[in-house]
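Only one structure is covered here, and it is reproduced in the block below.
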Amino acid sequence: MTTVSAPVKPITSYRKFWAQRFGTAPFLPMTRAEMNELGWDSCDIIIVTGDCYIDHPSFGMALVGRLLEAQGFRVGIIAQPDWHSADPFRELGRPNLFFGVTAGNMDSMINRYTADRKPRSDDAYTPHAEANKRPDRAVTVYAQRCREAYPGVGVMIGSIEASLRRIAHYDYWSDKVRQSVLVTSKADLLLFGNAERALVEVAHRAAAGEKLSEIRDVRGTAFLAPHGWMPGDDWLMMDSTTLDQPGKVEAHQNPYEMVPEKEEAACASGQGKDPAAAQPITFMPLQERVAARKAQRAKTVVRIPAYEAVAHDPVLYAHASRILHLESNPGNARALVQLHGERDVWLNPPPIPLTTEEMDHVFGLPYARNPHPSYGKAHIPAWEMIKYSVNIMRGCFGGCTFCSITEHEGRIIQSRSEESILKELEEIRDKTDGFTGHISDLGGPTANMYRLACKDKKIETSCRKLSCVYPDICENLGTDHSHLIQLYRKARALPGIKKINIQSGLRYDLAVRSPEYIKELVTHHVGGYLKIAPEHTEEGPLSKMMKPGMGAYDKFKELFERFSRQAGKEQYLIPYFIAAHPGTSDEDMMNLALWLKKNNFRLDQVQTFTPTPMAMATTMWHTRRNPLKRLARSSEKVDVVRDGYRRKLHKAFLRYHHPDNWHILYEALINMGRQDLIGYGKHQLIPPTPPKGAEDKGKRFNVARTAHHPTQRFQDAPPRGRAPAATRGKPAGASAKPGGKPAAKPASRQAAASGGSAKPRGRR
């Protein structure tokens with residue numbers, strides 16, 4: 001059997017499937033009539049997606065569909081089918097090879113529900129933003145309907161929903177640990193991460209006659225196997241608790257025990273000797289020893305605690321989460337296995353990142369760069385947001401614990417070439433309706449990680465750190481922004497390109513290492529506002545987020561204002577903060593509110609922490625343990641803001657100025673013994689009497705009655721496509737602007753970390 005350490009095969013090197021003779025479709029077909037126009041009698045692969053079909057590389061179904069088409073396969077799309085019966089899943093007939101199921105660019109639960117579990121009223125990935133066009137846990141529902149429509153046809157699942165639910169995981173919306181989506185969906189194979197490499201290999205092997213359920217040696221895939229199954233006799237099974245023990249590490253040694261004397265006595269009596277076990281000493285060169293260890297590691301699987309164990313033991317859940325994240329570097333990760341009932345969920349090591357040439361191939365496919373014609377002129381918010389933007393890279397080495405991008409796309413940055421990016425800009429200019437010369441973004445998960453990488457490939461492949469920039473920027477990380485500066489200049493020089501904005505979240509602790517980059521950005525690419533994400537000001541929550549302290553923010557702010565003045569521009573920073581993140585105390589939020597007032601920030605909209613599957617902050621939320629450190633039963637407990645009253649209070653601190661929040665803040669400050677912050681002084685947070693607009697709220701908030709009440713509800717995070725408006729007060733320096741226009745932002749970090757390819761713009 002081939003091991004997962006086999007040499008990497010470029011995705012462009014496969015012999016094309018025979019159906020390539022049909023050529024390239026203007027749009028991948030969604031109906032039988034479209035198939036007939038193309039001369040197809042059947043589809044080889046059918047993609048079922050929870051998003052509407054937009055033929056653009058920022059949308060997962062289009063990217064993987066065009067990628068498979070380029071390999072010679074006939075690919076059909078079933079977009080947002082009615083899941084109440086199997087009939088819509090028969091629209092394109094029986095696929096010759098398999099169904100590929102995706103929830104879309106977002107986890108369906110985040111797409112459908114707010115941070116307080118209320119149904120959303122819109123869906124950015126649906127024509128006219130219509131809600132309720134996809135089911136809860138769409139991957140599971142769609143996969144089951146595919147089975148019902150055509151029993152015996154292979155079912156492959158992927159996208160961010162499947163990727164982040166590949167092992168037992170805490171589900172915020174049901175408030176329990178759920179089984180791997182492989183178990184609930186009954187799929188044959190799961191592809192996780194950016195799965196182009198695995199997808200191409202699996203498709204060609206399926207075309208050669210292999211069943212999906214029998215393909216078990218592809219990196220970036222997960223599958224169900226009988227308990228105890230191993231790829232071969234030469235494989236080694238390792239218990240994860242031997243790597244990071246979640247209990248007592250070892251018994252304490254008796255300080256009065258005479259160990260040397262005991263050993264000498266044993267030697268004198270001949271005890272402990274086994275003459276038959278004597279072996280000659282063999283000397284091996286260092287290179288051979290290293291090669292042997294690597295070969296053995298490639299054939300080692302780590303068994304993490306079973307679903308039944310982690311579902312009821314918070315410490316074991318946190319331990320399993322920590323092991324999963326430690327085994328995430330493609331250069332040294334081992335396979336993982338987790339028991340679910342009588343079967344094992346087997347996770348092969350993560351996929352090898354695409355090369356620049358492969359990235360260029362994927363983004364250079366013949367996309368129509370428009371929604372499918374069946375939608376007419378319908379308004380699709382997600383399309384409006386990205387239609388004039390270009391994704392230049394993927395991946396993120398920040399490791400923020402609340403973010404899904406790293407878990408899905410990995411820590412190694414995969415960048416496109418300048419030529420590929422400039423060509424896409426020209427295609428937008430020449431082919432996209434309504435283009436006026438304004439590019440809304442050149443970015444990705446982070447604006448300024450383009451072509452940044454470890455200085456030494458050997459160090460990169462052996463590293464097991466969870467972040468390259470926390471607690472400080474790694475000395476082995478290259479932070480040269482010259483490639484990005486050069487790209488900006490070449491893009492601006494293209495005929496017909498009048499303005500290029502950068503709206504992807506900026507990693508400002510990296511940016512301050514390159515003042516020239518900040519000057520280039522501020523002078524040419526800020527449209528009045530630049531969003532950055534300190535997330536908090538206090539060390540407690542920042543340490544649980546793995547975010548830098550405010551020193552980096554202050555330094556960036558000083559450079560931003562200086563270069564804005566030099567450019568003769570009035571420009572403002574838009575900071576983002578998270579309320580109720582694990583590790584945040586009431587005092588932390590109070591201090592953040594004081595910082596906001598001192599800097600004259602009045603946020604109109606704020607974001608409350610939402611536990612998303614697989615994120616390390618979600619592990620903290622569920623277990624009250626810190627998986628960033630080695631775990632034991634006695635490990636530190638994390639303060640978790642779970643009850644409705646405290647979540648509402650933390651959000652109120654971020655909007656201390658709003659009349660609706662006066663009552664809860666007044667009571668909280670009294671209970672905290674901080675009456676000194678009640679008054680009209682500039683160093684005080686709220687006035688002593690209810691402001692206008694708060695007087696009709698009736699009696700003040702009764703803390704004793706509502707504290708820790710689980711049904712307490714609160715307003716949700718900002719609507720998709722909008723960012724917090726700037727302050728309404730007098731700006732301090734260039735940090736805020738009265739009546740500022742909101743900048744665009746995605747629905748969530750998960751919306752950013754799209755299934756397969758979508759253009760992330762996470763807050764950094």
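Naming scheme: A, B, ... for chains in displayed order of the structure tokens; residues 1 onward per chain; ligands 1 onward as shown.
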(message) So that I can check the surroundings of Arg322 of chain A, please list as an NGL selection string every protein, DNA and RNA residue that reaches within 8 Å of it, counting only C-alpha atoms and ignoring chain neighbours fewer than 2 positions away.
(response) :A and (318-320 or 324-326 or 616 or 627-628)
Can you pull out every residue within 12 Å of segment 618-623 of chain A, counting only C-alpha atoms, but drop anything in the same chain fewer than 6 positions away, and send it as a PDB file with N, CA and C atoms, in the first residue's frame?
ATOM      1  N   LEU A 164     -14.091  21.490   9.391  1.00  0.00           N
ATOM      2  CA  LEU A 164     -13.998  21.827  10.809  1.00  0.00           C
ATOM      3  C   LEU A 164     -14.807  20.883  11.692  1.00  0.00           C
ATOM      4  N   ALA A 168     -14.767  14.553  16.492  1.00  0.00           N
ATOM      5  CA  ALA A 168     -15.750  14.940  17.497  1.00  0.00           C
ATOM      6  C   ALA A 168     -15.518  16.399  17.869  1.00  0.00           C
ATOM      7  N   HIS A 169     -16.579  17.190  17.907  1.00  0.00           N
ATOM      8  CA  HIS A 169     -16.442  18.630  18.058  1.00  0.00           C
ATOM      9  C   HIS A 169     -17.587  19.195  18.883  1.00  0.00           C
ATOM     10  N   TYR A 170     -17.289  20.267  19.592  1.00  0.00           N
ATOM     11  CA  TYR A 170     -18.347  20.960  20.335  1.00  0.00           C
ATOM     12  C   TYR A 170     -19.172  21.791  19.373  1.00  0.00           C
ATOM     13  N   ASP A 171     -20.484  21.649  19.468  1.00  0.00           N
ATOM     14  CA  ASP A 171     -21.417  22.384  18.617  1.00  0.00           C
ATOM     15  C   ASP A 171     -22.170  23.388  19.485  1.00  0.00           C
ATOM     16  N   TYR A 172     -21.926  24.657  19.242  1.00  0.00           N
ATOM     17  CA  TYR A 172     -22.494  25.730  20.066  1.00  0.00           C
ATOM     18  C   TYR A 172     -24.013  25.762  19.983  1.00  0.00           C
ATOM     19  N   ASP A 175     -25.260  22.914  21.911  1.00  0.00           N
ATOM     20  CA  ASP A 175     -24.575  22.924  23.205  1.00  0.00           C
ATOM     21  C   ASP A 175     -24.181  21.510  23.646  1.00  0.00           C
ATOM     22  N   LYS A 176     -23.558  20.789  22.736  1.00  0.00           N
ATOM     23  CA  LYS A 176     -23.063  19.464  23.089  1.00  0.00           C
ATOM     24  C   LYS A 176     -21.951  19.069  22.125  1.00  0.00           C
ATOM     25  N   VAL A 177     -21.228  18.033  22.475  1.00  0.00           N
ATOM     26  CA  VAL A 177     -20.196  17.487  21.603  1.00  0.00           C
ATOM     27  C   VAL A 177     -20.878  16.541  20.616  1.00  0.00           C
ATOM     28  N   VAL A 310     -14.449  12.120  25.002  1.00  0.00           N
ATOM     29  CA  VAL A 310     -14.382  13.582  24.953  1.00  0.00           C
ATOM     30  C   VAL A 310     -15.751  14.213  25.120  1.00  0.00           C
ATOM     31  N   ALA A 311     -16.817  13.458  24.816  1.00  0.00           N
ATOM     32  CA  ALA A 311     -18.161  14.009  24.952  1.00  0.00           C
ATOM     33  C   ALA A 311     -18.521  14.254  26.410  1.00  0.00           C
ATOM     34  N   HIS A 312     -17.855  13.556  27.330  1.00  0.00           N
ATOM     35  CA  HIS A 312     -18.218  13.672  28.743  1.00  0.00           C
ATOM     36  C   HIS A 312     -17.064  14.129  29.629  1.00  0.00           C
ATOM     37  N   ASP A 313     -15.892  14.282  29.068  1.00  0.00           N
ATOM     38  CA  ASP A 313     -14.720  14.663  29.871  1.00  0.00           C
ATOM     39  C   ASP A 313     -14.094  15.912  29.264  1.00  0.00           C
ATOM     40  N   PRO A 314     -14.292  17.093  29.865  1.00  0.00           N
ATOM     41  CA  PRO A 314     -13.746  18.331  29.300  1.00  0.00           C
ATOM     42  C   PRO A 314     -12.233  18.321  29.151  1.00  0.00           C
ATOM     43  N   VAL A 315     -11.532  17.698  30.092  1.00  0.00           N
ATOM     44  CA  VAL A 315     -10.077  17.686  30.012  1.00  0.00           C
ATOM     45  C   VAL A 315      -9.613  16.870  28.810  1.00  0.00           C
ATOM     46  N   LEU A 316     -10.238  15.723  28.587  1.00  0.00           N
ATOM     47  CA  LEU A 316      -9.875  14.915  27.423  1.00  0.00           C
ATOM     48  C   LEU A 316     -10.252  15.622  26.126  1.00  0.00           C
ATOM     49  N   TYR A 317     -11.363  16.368  26.131  1.00  0.00           N
ATOM     50  CA  TYR A 317     -11.726  17.133  24.929  1.00  0.00           C
ATOM     51  C   TYR A 317     -10.650  18.167  24.631  1.00  0.00           C
ATOM     52  N   ALA A 318     -10.221  18.904  25.655  1.00  0.00           N
ATOM     53  CA  ALA A 318      -9.183  19.922  25.457  1.00  0.00           C
ATOM     54  C   ALA A 318      -7.880  19.279  25.006  1.00  0.00           C
ATOM     55  N   HIS A 319      -7.572  18.121  25.562  1.00  0.00           N
ATOM     56  CA  HIS A 319      -6.369  17.393  25.160  1.00  0.00           C
ATOM     57  C   HIS A 319      -6.436  16.998  23.687  1.00  0.00           C
ATOM     58  N   ALA A 320      -7.581  16.464  23.244  1.00  0.00           N
ATOM     59  CA  ALA A 320      -7.728  16.061  21.849  1.00  0.00           C
ATOM     60  C   ALA A 320      -7.607  17.262  20.919  1.00  0.00           C
ATOM     61  N   SER A 321      -8.173  18.394  21.327  1.00  0.00           N
ATOM     62  CA  SER A 321      -8.074  19.618  20.524  1.00  0.00           C
ATOM     63  C   SER A 321      -6.623  20.060  20.398  1.00  0.00           C
ATOM     64  N   ARG A 322      -5.892  20.008  21.487  1.00  0.00           N
ATOM     65  CA  ARG A 322      -4.489  20.417  21.466  1.00  0.00           C
ATOM     66  C   ARG A 322      -3.662  19.516  20.542  1.00  0.00           C
ATOM     67  N   LEU A 324      -4.739  17.755  17.989  1.00  0.00           N
ATOM     68  CA  LEU A 324      -5.130  18.015  16.606  1.00  0.00           C
ATOM     69  C   LEU A 324      -4.387  19.217  16.047  1.00  0.00           C
ATOM     70  N   HIS A 325      -4.282  20.295  16.814  1.00  0.00           N
ATOM     71  CA  HIS A 325      -3.614  21.499  16.330  1.00  0.00           C
ATOM     72  C   HIS A 325      -2.100  21.324  16.266  1.00  0.00           C
ATOM     73  N   CYS A 400      -4.739  32.937  15.472  1.00  0.00           N
ATOM     74  CA  CYS A 400      -5.723  33.475  16.413  1.00  0.00           C
ATOM     75  C   CYS A 400      -6.681  32.362  16.825  1.00  0.00           C
ATOM     76  N   THR A 401      -6.908  32.213  18.116  1.00  0.00           N
ATOM     77  CA  THR A 401      -7.641  31.048  18.613  1.00  0.00           C
ATOM     78  C   THR A 401      -9.115  31.072  18.260  1.00  0.00           C
ATOM     79  N   PHE A 402      -9.665  32.255  17.965  1.00  0.00           N
ATOM     80  CA  PHE A 402     -11.089  32.356  17.655  1.00  0.00           C
ATOM     81  C   PHE A 402     -11.365  32.196  16.164  1.00  0.00           C
ATOM     82  N   CYS A 403     -10.329  32.079  15.353  1.00  0.00           N
ATOM     83  CA  CYS A 403     -10.458  32.139  13.901  1.00  0.00           C
ATOM     84  C   CYS A 403     -10.389  30.752  13.277  1.00  0.00           C
ATOM     85  N   SER A 404     -11.158  30.551  12.216  1.00  0.00           N
ATOM     86  CA  SER A 404     -11.198  29.257  11.542  1.00  0.00           C
ATOM     87  C   SER A 404     -10.256  29.166  10.349  1.00  0.00           C
ATOM     88  N   PRO A 541      -7.413  38.521  28.089  1.00  0.00           N
ATOM     89  CA  PRO A 541      -8.038  37.995  26.866  1.00  0.00           C
ATOM     90  C   PRO A 541      -7.081  37.901  25.687  1.00  0.00           C
ATOM     91  N   LYS A 544      -5.330  34.647  25.586  1.00  0.00           N
ATOM     92  CA  LYS A 544      -6.182  33.528  25.165  1.00  0.00           C
ATOM     93  C   LYS A 544      -6.513  33.613  23.677  1.00  0.00           C
ATOM     94  N   MET A 545      -6.409  34.790  23.091  1.00  0.00           N
ATOM     95  CA  MET A 545      -6.635  34.961  21.651  1.00  0.00           C
ATOM     96  C   MET A 545      -5.372  34.704  20.832  1.00  0.00           C
ATOM     97  N   ALA A 580     -16.863  39.251  25.164  1.00  0.00           N
ATOM     98  CA  ALA A 580     -17.188  37.959  25.776  1.00  0.00           C
ATOM     99  C   ALA A 580     -16.304  36.819  25.291  1.00  0.00           C
ATOM    100  N   HIS A 581     -15.072  37.116  24.885  1.00  0.00           N
ATOM    101  CA  HIS A 581     -14.147  36.049  24.500  1.00  0.00           C
ATOM    102  C   HIS A 581     -13.685  35.296  25.742  1.00  0.00           C
ATOM    103  N   PRO A 582     -13.446  33.975  25.652  1.00  0.00           N
ATOM    104  CA  PRO A 582     -12.918  33.248  26.812  1.00  0.00           C
ATOM    105  C   PRO A 582     -11.677  33.928  27.382  1.00  0.00           C
ATOM    106  N   GLY A 583     -11.611  33.967  28.704  1.00  0.00           N
ATOM    107  CA  GLY A 583     -10.493  34.616  29.372  1.00  0.00           C
ATOM    108  C   GLY A 583     -10.715  36.086  29.645  1.00  0.00           C
ATOM    109  N   THR A 584     -11.896  36.596  29.334  1.00  0.00           N
ATOM    110  CA  THR A 584     -12.185  38.018  29.523  1.00  0.00           C
ATOM    111  C   THR A 584     -13.004  38.212  30.791  1.00  0.00           C
ATOM    112  N   PHE A 609     -18.313  37.125  20.785  1.00  0.00           N
ATOM    113  CA  PHE A 609     -17.647  35.865  20.474  1.00  0.00           C
ATOM    114  C   PHE A 609     -18.666  34.760  20.185  1.00  0.00           C
ATOM    115  N   THR A 610     -18.441  34.051  19.086  1.00  0.00           N
ATOM    116  CA  THR A 610     -19.253  32.901  18.715  1.00  0.00           C
ATOM    117  C   THR A 610     -18.356  31.673  18.647  1.00  0.00           C
ATOM    118  N   PRO A 611     -18.605  30.652  19.443  1.00  0.00           N
ATOM    119  CA  PRO A 611     -17.785  29.438  19.389  1.00  0.00           C
ATOM    120  C   PRO A 611     -18.023  28.677  18.083  1.00  0.00           C
ATOM    121  N   THR A 612     -16.998  28.556  17.271  1.00  0.00           N
ATOM    122  CA  THR A 612     -17.101  27.850  15.996  1.00  0.00           C
ATOM    123  C   THR A 612     -16.369  26.511  16.096  1.00  0.00           C
ATOM    124  N   LYS A 629      -1.580  25.359  26.392  1.00  0.00           N
ATOM    125  CA  LYS A 629      -0.540  24.844  27.271  1.00  0.00           C
ATOM    126  C   LYS A 629      -0.749  23.350  27.486  1.00  0.00           C
ATOM    127  N   LEU A 631      -1.723  20.089  29.218  1.00  0.00           N
ATOM    128  CA  LEU A 631      -2.911  19.946  30.045  1.00  0.00           C
ATOM    129  C   LEU A 631      -2.725  18.908  31.139  1.00  0.00           C
ATOM    130  N   ARG A 633      -5.157  17.571  34.921  1.00  0.00           N
ATOM    131  CA  ARG A 633      -6.426  17.755  35.627  1.00  0.00           C
ATOM    132  C   ARG A 633      -6.425  19.023  36.464  1.00  0.00           C
ATOM    133  N   SER A 635      -4.855  21.822  35.591  1.00  0.00           N
ATOM    134  CA  SER A 635      -4.484  22.970  34.768  1.00  0.00           C
ATOM    135  C   SER A 635      -5.380  24.165  35.052  1.00  0.00           C
ATOM    136  N   GLU A 636      -4.894  25.334  34.625  1.00  0.00           N
ATOM    137  CA  GLU A 636      -5.613  26.583  34.859  1.00  0.00           C
ATOM    138  C   GLU A 636      -7.026  26.530  34.302  1.00  0.00           C
ATOM    139  N   LYS A 637      -7.960  27.123  35.017  1.00  0.00           N
ATOM    140  CA  LYS A 637      -9.337  27.258  34.549  1.00  0.00           C
ATOM    141  C   LYS A 637      -9.482  28.619  33.867  1.00  0.00           C
ATOM    142  N   VAL A 638     -10.172  28.616  32.742  1.00  0.00           N
ATOM    143  CA  VAL A 638     -10.372  29.831  31.954  1.00  0.00           C
ATOM    144  C   VAL A 638     -11.736  30.417  32.285  1.00  0.00           C
ATOM    145  N   ASP A 639     -11.766  31.713  32.535  1.00  0.00           N
ATOM    146  CA  ASP A 639     -13.034  32.405  32.782  1.00  0.00           C
ATOM    147  C   ASP A 639     -13.812  32.461  31.469  1.00  0.00           C
ATOM    148  N   VAL A 640     -14.987  31.869  31.460  1.00  0.00           N
ATOM    149  CA  VAL A 640     -15.800  31.795  30.239  1.00  0.00           C
ATOM    150  C   VAL A 640     -17.093  32.578  30.446  1.00  0.00           C
ATOM    151  N   VAL A 641     -17.395  33.440  29.483  1.00  0.00           N
ATOM    152  CA  VAL A 641     -18.581  34.292  29.574  1.00  0.00           C
ATOM    153  C   VAL A 641     -19.708  33.590  28.830  1.00  0.00           C
ATOM    154  N   ARG A 642     -20.485  32.803  29.565  1.00  0.00           N
ATOM    155  CA  ARG A 642     -21.505  31.968  28.931  1.00  0.00           C
ATOM    156  C   ARG A 642     -22.916  32.478  29.163  1.00  0.00           C
ATOM    157  N   ASP A 643     -23.207  33.013  30.356  1.00  0.00           N
ATOM    158  CA  ASP A 643     -24.593  33.377  30.624  1.00  0.00           C
ATOM    159  C   ASP A 643     -24.962  34.675  29.914  1.00  0.00           C
TER     160      ASP A 643
END
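Atom CA of Phe563 of chain A to atom CA of Ile485 of chain A spans 15.4 Å [interatomic distance, one decimal].
Computed from the coordinates, the atom CA of Tyr388 of chain A to atom CA of Ile439 of chain A distance equals 5.2 Å.
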For Glu214 of chain A: contacts at 10 Å, only C-alpha atoms, fewer than 2 positions along chain excluded, given as an mmCIF file with N, CA, C and O atoms, in the first residue's frame:
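The result, stored in result27.cif:
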data_model
loop_
_atom_site.group_PDB
_atom_site.id
_atom_site.type_symbol
_atom_site.label_atom_id
_atom_site.label_comp_id
_atom_site.auth_asym_id
_atom_site.auth_seq_id
_atom_site.Cartn_x
_atom_site.Cartn_y
_atom_site.Cartn_z
ATOM 1 N N ASP A 188 -18.592 8.591 2.118
ATOM 2 C CA ASP A 188 -17.498 7.647 1.879
ATOM 3 C C ASP A 188 -16.136 8.268 2.170
ATOM 4 O O ASP A 188 -15.202 7.572 2.578
ATOM 5 N N LEU A 189 -16.022 9.570 1.937
ATOM 6 C CA LEU A 189 -14.726 10.222 2.059
ATOM 7 C C LEU A 189 -14.943 11.690 2.390
ATOM 8 O O LEU A 189 -15.874 12.316 1.887
ATOM 9 N N ALA A 206 -11.042 7.398 -8.937
ATOM 10 C CA ALA A 206 -12.429 6.939 -9.070
ATOM 11 C C ALA A 206 -12.745 6.627 -10.530
ATOM 12 O O ALA A 206 -13.437 5.638 -10.840
ATOM 13 N N GLU A 210 -11.651 2.737 -8.840
ATOM 14 C CA GLU A 210 -11.591 2.584 -7.391
ATOM 15 C C GLU A 210 -12.834 3.188 -6.742
ATOM 16 O O GLU A 210 -13.335 4.230 -7.167
ATOM 17 N N LYS A 211 -13.328 2.549 -5.701
ATOM 18 C CA LYS A 211 -14.440 3.095 -4.933
ATOM 19 C C LYS A 211 -13.914 4.135 -3.942
ATOM 20 O O LYS A 211 -12.818 3.982 -3.394
ATOM 21 N N LEU A 212 -14.715 5.167 -3.699
ATOM 22 C CA LEU A 212 -14.286 6.192 -2.740
ATOM 23 C C LEU A 212 -13.993 5.576 -1.378
ATOM 24 O O LEU A 212 -13.043 5.972 -0.694
ATOM 25 N N ARG A 216 -7.778 5.263 0.775
ATOM 26 C CA ARG A 216 -7.436 5.570 2.161
ATOM 27 C C ARG A 216 -6.019 6.111 2.332
ATOM 28 O O ARG A 216 -5.531 6.194 3.453
ATOM 29 N N ASP A 217 -5.355 6.448 1.254
ATOM 30 C CA ASP A 217 -3.947 6.839 1.372
ATOM 31 C C ASP A 217 -3.670 8.222 0.794
ATOM 32 O O ASP A 217 -2.544 8.511 0.396
ATOM 33 N N PHE A 223 -11.729 9.276 6.694
ATOM 34 C CA PHE A 223 -12.647 8.200 6.336
ATOM 35 C C PHE A 223 -12.931 7.361 7.571
ATOM 36 O O PHE A 223 -12.249 7.471 8.606
ATOM 37 N N ALA A 225 -13.165 3.597 9.269
ATOM 38 C CA ALA A 225 -12.526 2.285 9.113
ATOM 39 C C ALA A 225 -12.885 1.419 10.314
ATOM 40 O O ALA A 225 -13.227 1.939 11.384
#
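When atom CA of Ala79 of chain A is paired with atom CA of Tyr113 of chain A, their separation reads 20.4 Å.
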(request) Identify, on the basis of only C-alpha atoms, every residue whose closest approach to Val101 of chain A does not exceed 9 Å; exclude the query and any residue fewer than 2 positions from it along the same chain; express the result as a PyMOL selection string. (result) chain A and resi 46-50+99+103-104+138-140+142-143+146+155-159
Write out the residues from the selection above, keeping N, CA and C atoms, as a PDB file, in the first residue's frame.
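The resulting file, selection_15.pdb, is shown below:
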ATOM      1  N   ILE A  46     -21.166  15.417  -9.753  1.00  0.00           N
ATOM      2  CA  ILE A  46     -22.183  16.438  -9.456  1.00  0.00           C
ATOM      3  C   ILE A  46     -21.848  17.066  -8.115  1.00  0.00           C
ATOM      4  N   ILE A  47     -21.742  18.395  -8.124  1.00  0.00           N
ATOM      5  CA  ILE A  47     -21.453  19.138  -6.891  1.00  0.00           C
ATOM      6  C   ILE A  47     -22.765  19.684  -6.337  1.00  0.00           C
ATOM      7  N   VAL A  48     -23.048  19.362  -5.086  1.00  0.00           N
ATOM      8  CA  VAL A  48     -24.226  19.875  -4.385  1.00  0.00           C
ATOM      9  C   VAL A  48     -23.747  20.918  -3.391  1.00  0.00           C
ATOM     10  N   THR A  49     -24.292  22.125  -3.475  1.00  0.00           N
ATOM     11  CA  THR A  49     -23.794  23.230  -2.651  1.00  0.00           C
ATOM     12  C   THR A  49     -24.929  24.006  -1.997  1.00  0.00           C
ATOM     13  N   GLY A  50     -24.643  24.566  -0.844  1.00  0.00           N
ATOM     14  CA  GLY A  50     -25.614  25.393  -0.129  1.00  0.00           C
ATOM     15  C   GLY A  50     -25.629  26.829  -0.580  1.00  0.00           C
ATOM     16  N   PHE A  99     -20.981  12.049  -6.042  1.00  0.00           N
ATOM     17  CA  PHE A  99     -21.477  13.352  -5.619  1.00  0.00           C
ATOM     18  C   PHE A  99     -20.399  14.027  -4.772  1.00  0.00           C
ATOM     19  N   ALA A 103     -21.409  22.551   2.058  1.00  0.00           N
ATOM     20  CA  ALA A 103     -22.399  23.469   2.629  1.00  0.00           C
ATOM     21  C   ALA A 103     -22.293  24.847   1.997  1.00  0.00           C
ATOM     22  N   GLY A 104     -21.164  25.129   1.331  1.00  0.00           N
ATOM     23  CA  GLY A 104     -20.924  26.443   0.753  1.00  0.00           C
ATOM     24  C   GLY A 104     -19.732  27.111   1.408  1.00  0.00           C
ATOM     25  N   ALA A 138     -25.888  21.466   6.723  1.00  0.00           N
ATOM     26  CA  ALA A 138     -26.213  21.169   5.333  1.00  0.00           C
ATOM     27  C   ALA A 138     -25.435  19.977   4.785  1.00  0.00           C
ATOM     28  N   VAL A 139     -24.178  19.824   5.170  1.00  0.00           N
ATOM     29  CA  VAL A 139     -23.383  18.709   4.640  1.00  0.00           C
ATOM     30  C   VAL A 139     -24.048  17.378   4.955  1.00  0.00           C
ATOM     31  N   THR A 140     -24.479  17.217   6.192  1.00  0.00           N
ATOM     32  CA  THR A 140     -25.118  15.965   6.594  1.00  0.00           C
ATOM     33  C   THR A 140     -26.422  15.740   5.838  1.00  0.00           C
ATOM     34  N   TYR A 142     -27.534  17.137   2.952  1.00  0.00           N
ATOM     35  CA  TYR A 142     -27.325  16.932   1.513  1.00  0.00           C
ATOM     36  C   TYR A 142     -26.767  15.533   1.219  1.00  0.00           C
ATOM     37  N   ALA A 143     -25.797  15.094   2.012  1.00  0.00           N
ATOM     38  CA  ALA A 143     -25.190  13.781   1.766  1.00  0.00           C
ATOM     39  C   ALA A 143     -26.222  12.669   1.910  1.00  0.00           C
ATOM     40  N   CYS A 146     -28.436  12.650  -1.147  1.00  0.00           N
ATOM     41  CA  CYS A 146     -27.737  12.053  -2.298  1.00  0.00           C
ATOM     42  C   CYS A 146     -27.804  10.532  -2.229  1.00  0.00           C
ATOM     43  N   VAL A 155     -20.264   9.199  -2.241  1.00  0.00           N
ATOM     44  CA  VAL A 155     -20.515  10.545  -1.731  1.00  0.00           C
ATOM     45  C   VAL A 155     -19.257  11.050  -1.045  1.00  0.00           C
ATOM     46  N   MET A 156     -18.743  12.164  -1.549  1.00  0.00           N
ATOM     47  CA  MET A 156     -17.589  12.840  -0.958  1.00  0.00           C
ATOM     48  C   MET A 156     -18.064  14.155  -0.353  1.00  0.00           C
ATOM     49  N   ILE A 157     -17.610  14.479   0.848  1.00  0.00           N
ATOM     50  CA  ILE A 157     -17.980  15.741   1.477  1.00  0.00           C
ATOM     51  C   ILE A 157     -16.743  16.608   1.666  1.00  0.00           C
ATOM     52  N   GLY A 158     -16.939  17.908   1.601  1.00  0.00           N
ATOM     53  CA  GLY A 158     -15.841  18.852   1.769  1.00  0.00           C
ATOM     54  C   GLY A 158     -16.375  20.209   2.182  1.00  0.00           C
ATOM     55  N   SER A 159     -15.595  21.240   2.028  1.00  0.00           N
ATOM     56  CA  SER A 159     -15.896  22.627   2.398  1.00  0.00           C
ATOM     57  C   SER A 159     -15.576  22.864   3.858  1.00  0.00           C
TER      58      SER A 159
END
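Distances here use only C-alpha atoms; by that measure, the residue among A:His483, A:Lys651, A:His372, A:Lys519 closest to Glu558 of chain A is A:Lys519.
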(request) May I ask which of the residues A:Gly23, A:Asp244, A:Gln338, A:Ala195 is the closest one to Leu182 of chain A, counting only C-alpha atoms? (result) A:Gln338
(message) Under the rule that only C-alpha atoms are counted, which of A:Leu199, A:Ile78, A:Ile502, A:Leu654 is the nearest residue to Phe577 of chain A?
(response) A:Leu654
